[in-house]
>>> print(open('protein_17.cif').read())   # mmCIF, C-alpha atoms
data_entry
#
loop_
_atom_site.group_PDB
_atom_site.id
_atom_site.type_symbol
_atom_site.label_atom_id
_atom_site.label_comp_id
_atom_site.auth_asym_id
_atom_site.auth_seq_id
_atom_site.Cartn_x
_atom_site.Cartn_y
_atom_site.Cartn_z
ATOM 1 C CA MET Y 5 -92.689 27.030 -52.634
ATOM 2 C CA PRO Y 6 -94.625 23.718 -52.529
ATOM 3 C CA THR Y 7 -93.309 20.897 -50.373
ATOM 4 C CA VAL Y 8 -93.708 17.447 -51.916
ATOM 5 C CA VAL Y 9 -95.271 15.118 -49.356
ATOM 6 C CA LEU Y 10 -95.803 12.148 -51.714
ATOM 7 C CA ASN Y 11 -93.931 11.530 -54.945
ATOM 8 C CA ALA Y 12 -95.092 9.023 -57.568
ATOM 9 C CA ALA Y 13 -93.447 6.030 -55.868
ATOM 10 C CA ALA Y 14 -94.861 6.980 -52.458
ATOM 11 C CA MET Y 15 -98.355 7.403 -53.953
ATOM 12 C CA LYS Y 16 -98.129 3.939 -55.478
ATOM 13 C CA ARG Y 17 -97.003 2.432 -52.154
ATOM 14 C CA ALA Y 18 -99.828 4.193 -50.288
ATOM 15 C CA LEU Y 19 -102.441 2.920 -52.758
ATOM 16 C CA THR Y 20 -101.052 -0.610 -52.576
ATOM 17 C CA ARG Y 21 -101.252 -0.502 -48.776
ATOM 18 C CA ILE Y 22 -104.815 0.875 -48.883
ATOM 19 C CA ALA Y 23 -105.853 -1.892 -51.303
ATOM 20 C CA HIS Y 24 -104.433 -4.563 -48.995
ATOM 21 C CA GLU Y 25 -106.223 -3.000 -46.015
ATOM 22 C CA ILE Y 26 -109.490 -2.997 -47.987
ATOM 23 C CA ALA Y 27 -108.967 -6.675 -48.835
ATOM 24 C CA GLU Y 28 -108.236 -7.531 -45.195
ATOM 25 C CA ARG Y 29 -111.365 -5.794 -43.877
ATOM 26 C CA ASN Y 30 -113.719 -7.087 -46.569
ATOM 27 C CA GLU Y 31 -113.729 -10.875 -46.765
ATOM 28 C CA ASN Y 32 -116.632 -11.029 -49.213
ATOM 29 C CA SER Y 33 -114.836 -9.413 -52.143
ATOM 30 C CA ALA Y 34 -117.747 -10.012 -54.539
ATOM 31 C CA GLU Y 35 -119.829 -7.508 -52.546
ATOM 32 C CA VAL Y 36 -117.267 -4.660 -52.749
ATOM 33 C CA VAL Y 37 -117.631 -1.785 -55.208
ATOM 34 C CA LEU Y 38 -115.545 1.380 -55.484
ATOM 35 C CA THR Y 39 -116.984 4.834 -56.092
ATOM 36 C CA GLY Y 40 -114.597 7.702 -56.741
ATOM 37 C CA ILE Y 41 -115.588 11.264 -55.948
ATOM 38 C CA GLN Y 42 -115.011 13.424 -59.012
ATOM 39 C CA ARG Y 43 -112.187 14.183 -60.030
ATOM 40 C CA GLY Y 44 -109.219 12.893 -58.093
ATOM 41 C CA GLY Y 45 -111.168 10.181 -56.327
ATOM 42 C CA VAL Y 46 -112.097 8.657 -59.678
ATOM 43 C CA PHE Y 47 -108.436 8.265 -60.692
ATOM 44 C CA LEU Y 48 -107.630 6.732 -57.310
ATOM 45 C CA ALA Y 49 -110.647 4.377 -57.393
ATOM 46 C CA ARG Y 50 -109.564 3.038 -60.792
ATOM 47 C CA ARG Y 51 -106.039 2.440 -59.507
ATOM 48 C CA LEU Y 52 -107.315 0.739 -56.365
ATOM 49 C CA ALA Y 53 -109.606 -1.466 -58.469
ATOM 50 C CA ALA Y 54 -106.633 -2.614 -60.554
ATOM 51 C CA ILE Y 55 -104.644 -3.502 -57.423
ATOM 52 C CA LEU Y 56 -107.629 -5.243 -55.818
ATOM 53 C CA GLN Y 57 -108.188 -7.247 -59.005
ATOM 54 C CA THR Y 58 -104.716 -8.754 -58.622
ATOM 55 C CA ILE Y 59 -105.403 -9.515 -54.934
ATOM 56 C CA TRP Y 60 -108.904 -10.967 -55.387
ATOM 57 C CA ASN Y 61 -108.504 -12.406 -58.915
ATOM 58 C CA HIS Y 62 -111.691 -10.775 -60.173
ATOM 59 C CA PRO Y 63 -112.629 -7.298 -61.422
ATOM 60 C CA VAL Y 64 -113.929 -4.744 -58.921
ATOM 61 C CA PRO Y 65 -116.672 -2.420 -60.221
ATOM 62 C CA VAL Y 66 -115.823 1.302 -60.235
ATOM 63 C CA GLY Y 67 -118.268 4.182 -60.291
ATOM 64 C CA GLU Y 68 -117.854 7.952 -60.560
ATOM 65 C CA LEU Y 69 -119.759 10.317 -58.291
ATOM 66 C CA ASP Y 70 -120.217 14.067 -58.705
ATOM 67 C CA VAL Y 71 -121.329 15.715 -55.463
ATOM 68 C CA GLY Y 72 -121.771 19.282 -56.756
ATOM 69 C CA MET Y 73 -125.548 19.394 -56.383
ATOM 70 C CA HIS Y 74 -125.407 17.895 -52.887
ATOM 71 C CA ARG Y 75 -123.000 20.450 -51.396
ATOM 72 C CA ASP Y 76 -124.168 22.475 -48.404
ATOM 73 C CA ASP Y 77 -122.585 25.643 -49.813
ATOM 74 C CA LEU Y 78 -124.446 25.600 -53.148
ATOM 75 C CA ASP Y 79 -125.883 29.059 -52.533
ATOM 76 C CA ARG Y 80 -122.358 30.532 -52.201
ATOM 77 C CA GLN Y 81 -120.549 28.391 -54.763
ATOM 78 C CA ALA Y 82 -123.150 27.940 -57.547
ATOM 79 C CA SER Y 83 -121.175 29.908 -60.140
ATOM 80 C CA ASN Y 84 -117.943 27.991 -59.349
ATOM 81 C CA ILE Y 85 -119.375 24.464 -59.469
ATOM 82 C CA LYS Y 86 -118.185 22.489 -62.441
ATOM 83 C CA MET Y 87 -120.486 19.523 -62.995
ATOM 84 C CA LEU Y 88 -118.784 16.269 -63.900
ATOM 85 C CA PRO Y 89 -120.520 13.006 -64.790
ATOM 86 C CA THR Y 90 -121.913 10.617 -62.232
ATOM 87 C CA ILE Y 91 -121.625 7.096 -63.588
ATOM 88 C CA ILE Y 92 -122.566 4.240 -61.304
ATOM 89 C CA PRO Y 93 -123.230 1.303 -63.643
ATOM 90 C CA PHE Y 94 -124.095 -1.160 -60.873
ATOM 91 C CA ASP Y 95 -126.609 -1.507 -58.062
ATOM 92 C CA ILE Y 96 -125.144 -0.461 -54.709
ATOM 93 C CA THR Y 97 -127.989 -1.951 -52.670
ATOM 94 C CA GLY Y 98 -126.605 -4.479 -50.219
ATOM 95 C CA LYS Y 99 -123.011 -3.834 -51.298
ATOM 96 C CA THR Y 100 -119.988 -2.535 -49.428
ATOM 97 C CA VAL Y 101 -119.262 0.772 -51.133
ATOM 98 C CA ILE Y 102 -115.726 2.072 -50.771
ATOM 99 C CA LEU Y 103 -116.016 5.820 -51.275
ATOM 100 C CA VAL Y 104 -112.685 7.132 -52.597
ATOM 101 C CA ASP Y 105 -111.385 10.712 -52.494
ATOM 102 C CA ASP Y 106 -107.993 12.349 -52.842
ATOM 103 C CA VAL Y 107 -108.031 14.702 -49.825
ATOM 104 C CA LEU Y 108 -110.125 14.631 -46.665
ATOM 105 C CA PHE Y 109 -110.386 18.091 -45.112
ATOM 106 C CA SER Y 110 -113.548 19.474 -43.489
ATOM 107 C CA GLY Y 111 -115.648 16.377 -44.240
ATOM 108 C CA ARG Y 112 -118.232 18.359 -46.200
ATOM 109 C CA THR Y 113 -117.455 16.720 -49.553
ATOM 110 C CA THR Y 114 -117.778 13.305 -47.923
ATOM 111 C CA ARG Y 115 -121.120 14.300 -46.410
ATOM 112 C CA ALA Y 116 -122.303 15.432 -49.849
ATOM 113 C CA ALA Y 117 -121.121 12.110 -51.320
ATOM 114 C CA LEU Y 118 -123.089 10.171 -48.707
ATOM 115 C CA ASP Y 119 -126.192 12.167 -49.644
ATOM 116 C CA ALA Y 120 -125.575 11.588 -53.359
ATOM 117 C CA LEU Y 121 -125.168 7.827 -52.856
ATOM 118 C CA ASN Y 122 -128.702 7.676 -51.444
ATOM 119 C CA ASP Y 123 -129.977 8.339 -54.977
ATOM 120 C CA PHE Y 124 -128.513 5.007 -56.120
ATOM 121 C CA GLY Y 125 -129.680 2.586 -53.448
ATOM 122 C CA ARG Y 126 -129.014 1.498 -49.903
ATOM 123 C CA PRO Y 127 -125.570 0.000 -49.408
ATOM 124 C CA ARG Y 128 -124.985 -2.529 -46.648
ATOM 125 C CA ARG Y 129 -121.942 -0.535 -45.575
ATOM 126 C CA ILE Y 130 -119.926 2.484 -46.727
ATOM 127 C CA GLN Y 131 -116.210 2.821 -46.071
ATOM 128 C CA LEU Y 132 -114.063 5.863 -46.859
ATOM 129 C CA ALA Y 133 -110.619 5.666 -48.456
ATOM 130 C CA VAL Y 134 -108.527 8.821 -48.928
ATOM 131 C CA LEU Y 135 -105.032 9.410 -50.210
ATOM 132 C CA VAL Y 136 -104.404 12.322 -47.794
ATOM 133 C CA ASP Y 137 -106.085 13.270 -44.535
ATOM 134 C CA ARG Y 138 -105.123 16.849 -43.690
ATOM 135 C CA GLY Y 139 -107.274 17.318 -40.597
ATOM 136 C CA HIS Y 140 -109.499 20.311 -39.755
ATOM 137 C CA ARG Y 141 -112.755 18.337 -39.687
ATOM 138 C CA GLU Y 142 -115.977 20.315 -39.365
ATOM 139 C CA LEU Y 143 -118.155 17.198 -39.354
ATOM 140 C CA PRO Y 144 -117.771 13.905 -37.469
ATOM 141 C CA ILE Y 145 -116.287 12.021 -40.420
ATOM 142 C CA LYS Y 146 -113.258 9.744 -40.265
ATOM 143 C CA ALA Y 147 -111.614 7.796 -43.073
ATOM 144 C CA ASP Y 148 -111.367 4.012 -42.797
ATOM 145 C CA PHE Y 149 -108.304 3.894 -45.048
ATOM 146 C CA VAL Y 150 -105.695 6.691 -45.251
ATOM 147 C CA GLY Y 151 -102.634 6.852 -47.472
ATOM 148 C CA LYS Y 152 -100.927 9.616 -45.492
ATOM 149 C CA ASN Y 153 -101.870 11.948 -42.659
ATOM 150 C CA VAL Y 154 -100.539 15.440 -43.371
ATOM 151 C CA PRO Y 155 -101.208 17.905 -40.541
ATOM 152 C CA THR Y 156 -101.780 21.316 -42.089
ATOM 153 C CA ALA Y 157 -102.393 24.867 -41.002
ATOM 154 C CA THR Y 158 -105.585 26.542 -42.148
ATOM 155 C CA GLY Y 159 -103.501 28.781 -44.429
ATOM 156 C CA GLU Y 160 -102.117 25.794 -46.323
ATOM 157 C CA ARG Y 161 -103.608 23.530 -48.946
ATOM 158 C CA ILE Y 162 -102.864 20.128 -50.426
ATOM 159 C CA ASP Y 163 -102.486 19.897 -54.216
ATOM 160 C CA VAL Y 164 -102.753 16.448 -55.779
ATOM 161 C CA HIS Y 165 -101.513 15.939 -59.332
ATOM 162 C CA PHE Y 166 -102.260 12.844 -61.418
ATOM 163 C CA GLN Y 167 -100.630 11.364 -64.496
ATOM 164 C CA GLU Y 168 -104.160 10.948 -65.907
ATOM 165 C CA GLU Y 169 -104.314 14.743 -66.170
ATOM 166 C CA GLY Y 170 -101.135 14.947 -68.206
ATOM 167 C CA GLY Y 171 -98.607 15.518 -65.442
ATOM 168 C CA GLY Y 172 -96.858 13.339 -62.970
ATOM 169 C CA ASP Y 173 -98.167 11.837 -59.759
ATOM 170 C CA GLU Y 174 -97.457 14.074 -56.795
ATOM 171 C CA VAL Y 175 -98.972 15.420 -53.597
ATOM 172 C CA ALA Y 176 -97.699 18.808 -52.465
ATOM 173 C CA LEU Y 177 -98.279 21.007 -49.435
ATOM 174 C CA VAL Y 178 -98.669 24.646 -50.510
ATOM 175 C CA LYS Y 179 -98.590 27.663 -48.217
ATOM 176 C CA THR Y 180 -101.180 30.186 -49.389
#
>>> encode(input="protein_17.cif", output="structure tokens")
Amino acid sequence: MPTVVLNAAAMKRALTRIAHEIAERNENSAEVVLTGIQRGGVFLARRLAAILQTIWNHPVPVGELDVGMHRDDLDRQASNIKMLPTIIPFDITGKTVILVDDVLFSGRTTRAALDALNDFGRPRRIQLAVLVDRGHRELPIKADFVGKNVPTATGERIDVHFQEEGGGDEVALVKT
């Protein structure tokens, strides 16, 4: 039976807090762009951009990044990889790129995202924002902004559901 760790209201509070932390750490708001890692990170990046727009009084560009072809397990996962669009309609060179993902686990998706970003320019700085950090890092990667830390066992997983996918907003811990 899944255990709800964030309901819709808690997700909204976490994103609002993350947006305020981003604003506090990035004084030059005109240089900040958000890039969501497909799929869940894209939904979160759009939500963060809307909150940041109210804080900074100007729109914040949002891009979408698919990391499938940059994964280090391509040889084992090739048949399971579902390619989604990468849309980055702005130049990232010299910008502060906030990379957004739903769950930070081993760090391998983040590493793939860093590799993929190299195809689009050389940012001045990259920061990582995640809704949930569940631990178990295999690479030396740490999020700059975290909605909730959820310590997990290796036999558990985090499921994130979004209203954009036709359901409600919810983060659940599932024992497998």
>>> resolve_selection(input="protein_17.cif", expression="the PyMOL selection byres ((chain Y and resi 151-161) around 8)", output="ChimeraX atom specification")
/Y:9,15,18-19,21-22,134-140,149-150,162-163,177-180
>>> closest_residue(input="protein_17.cif", among="Y:Leu143, Y:Val36, Y:Ala54, Y:Val104", to="Y:Ala117", atoms="all atoms listed in the file")
Y:Val104
>>> residues_around(input="protein_17.cif", residues="Y:Thr97", least_positions_apart="2", cutoff="8 Å", atoms="only C-alpha atoms", output="count of residues only")
7
>>> closest_residue(input="protein_17.cif", among="Y:Asn122, Y:Gln131, Y:Thr114, Y:Gln42", to="Y:Ile91", atoms="all atoms listed in the file")
Y:Gln42
>>> residues_around(input="protein_17.cif", residues="Y:Glu174", least_positions_apart="5", cutoff="10 Å", atoms="all atoms listed in the file", output="PyMOL selection string")
chain Y and resi 8-15+163-167
>>> axis_aligned_box(input="protein_17.cif", around="stretch 116-131 of chain Y", padding_each_side="3 Å", output="JSON")
{"center_x": -123.1, "center_y": 6.5, "center_z": -50.8, "size_x": 19.8, "size_y": 24.0, "size_z": 16.5}
>>> closest_residue(input="protein_17.cif", among="Y:Ala133, Y:Ala176, Y:Leu48, Y:Met87", to="Y:His74", atoms="only C-alpha atoms")
Y:Met87
>>> residues_near_point(input="protein_17.cif", point="(-114.0, 1.2, -53.8)", cutoff="12 Å", atoms="only C-alpha atoms", output="number ranges by chain")
Y: 19, 22-23, 25-27, 30, 33-41, 45-57, 63-69, 92, 96, 99-105, 129-134, 148-149
>>> resolve_selection(input="protein_17.cif", expression="the PyMOL selection byres ((chain Y and resi 116) around 9)", output="PyMOL selection string")
chain Y and resi 71-76+111-115+117-121
>>> atom_distance(input="protein_17.cif", atom1="atom CA of Y:Arg17", atom2="atom CA of Y:Gly172")
15.4 Å
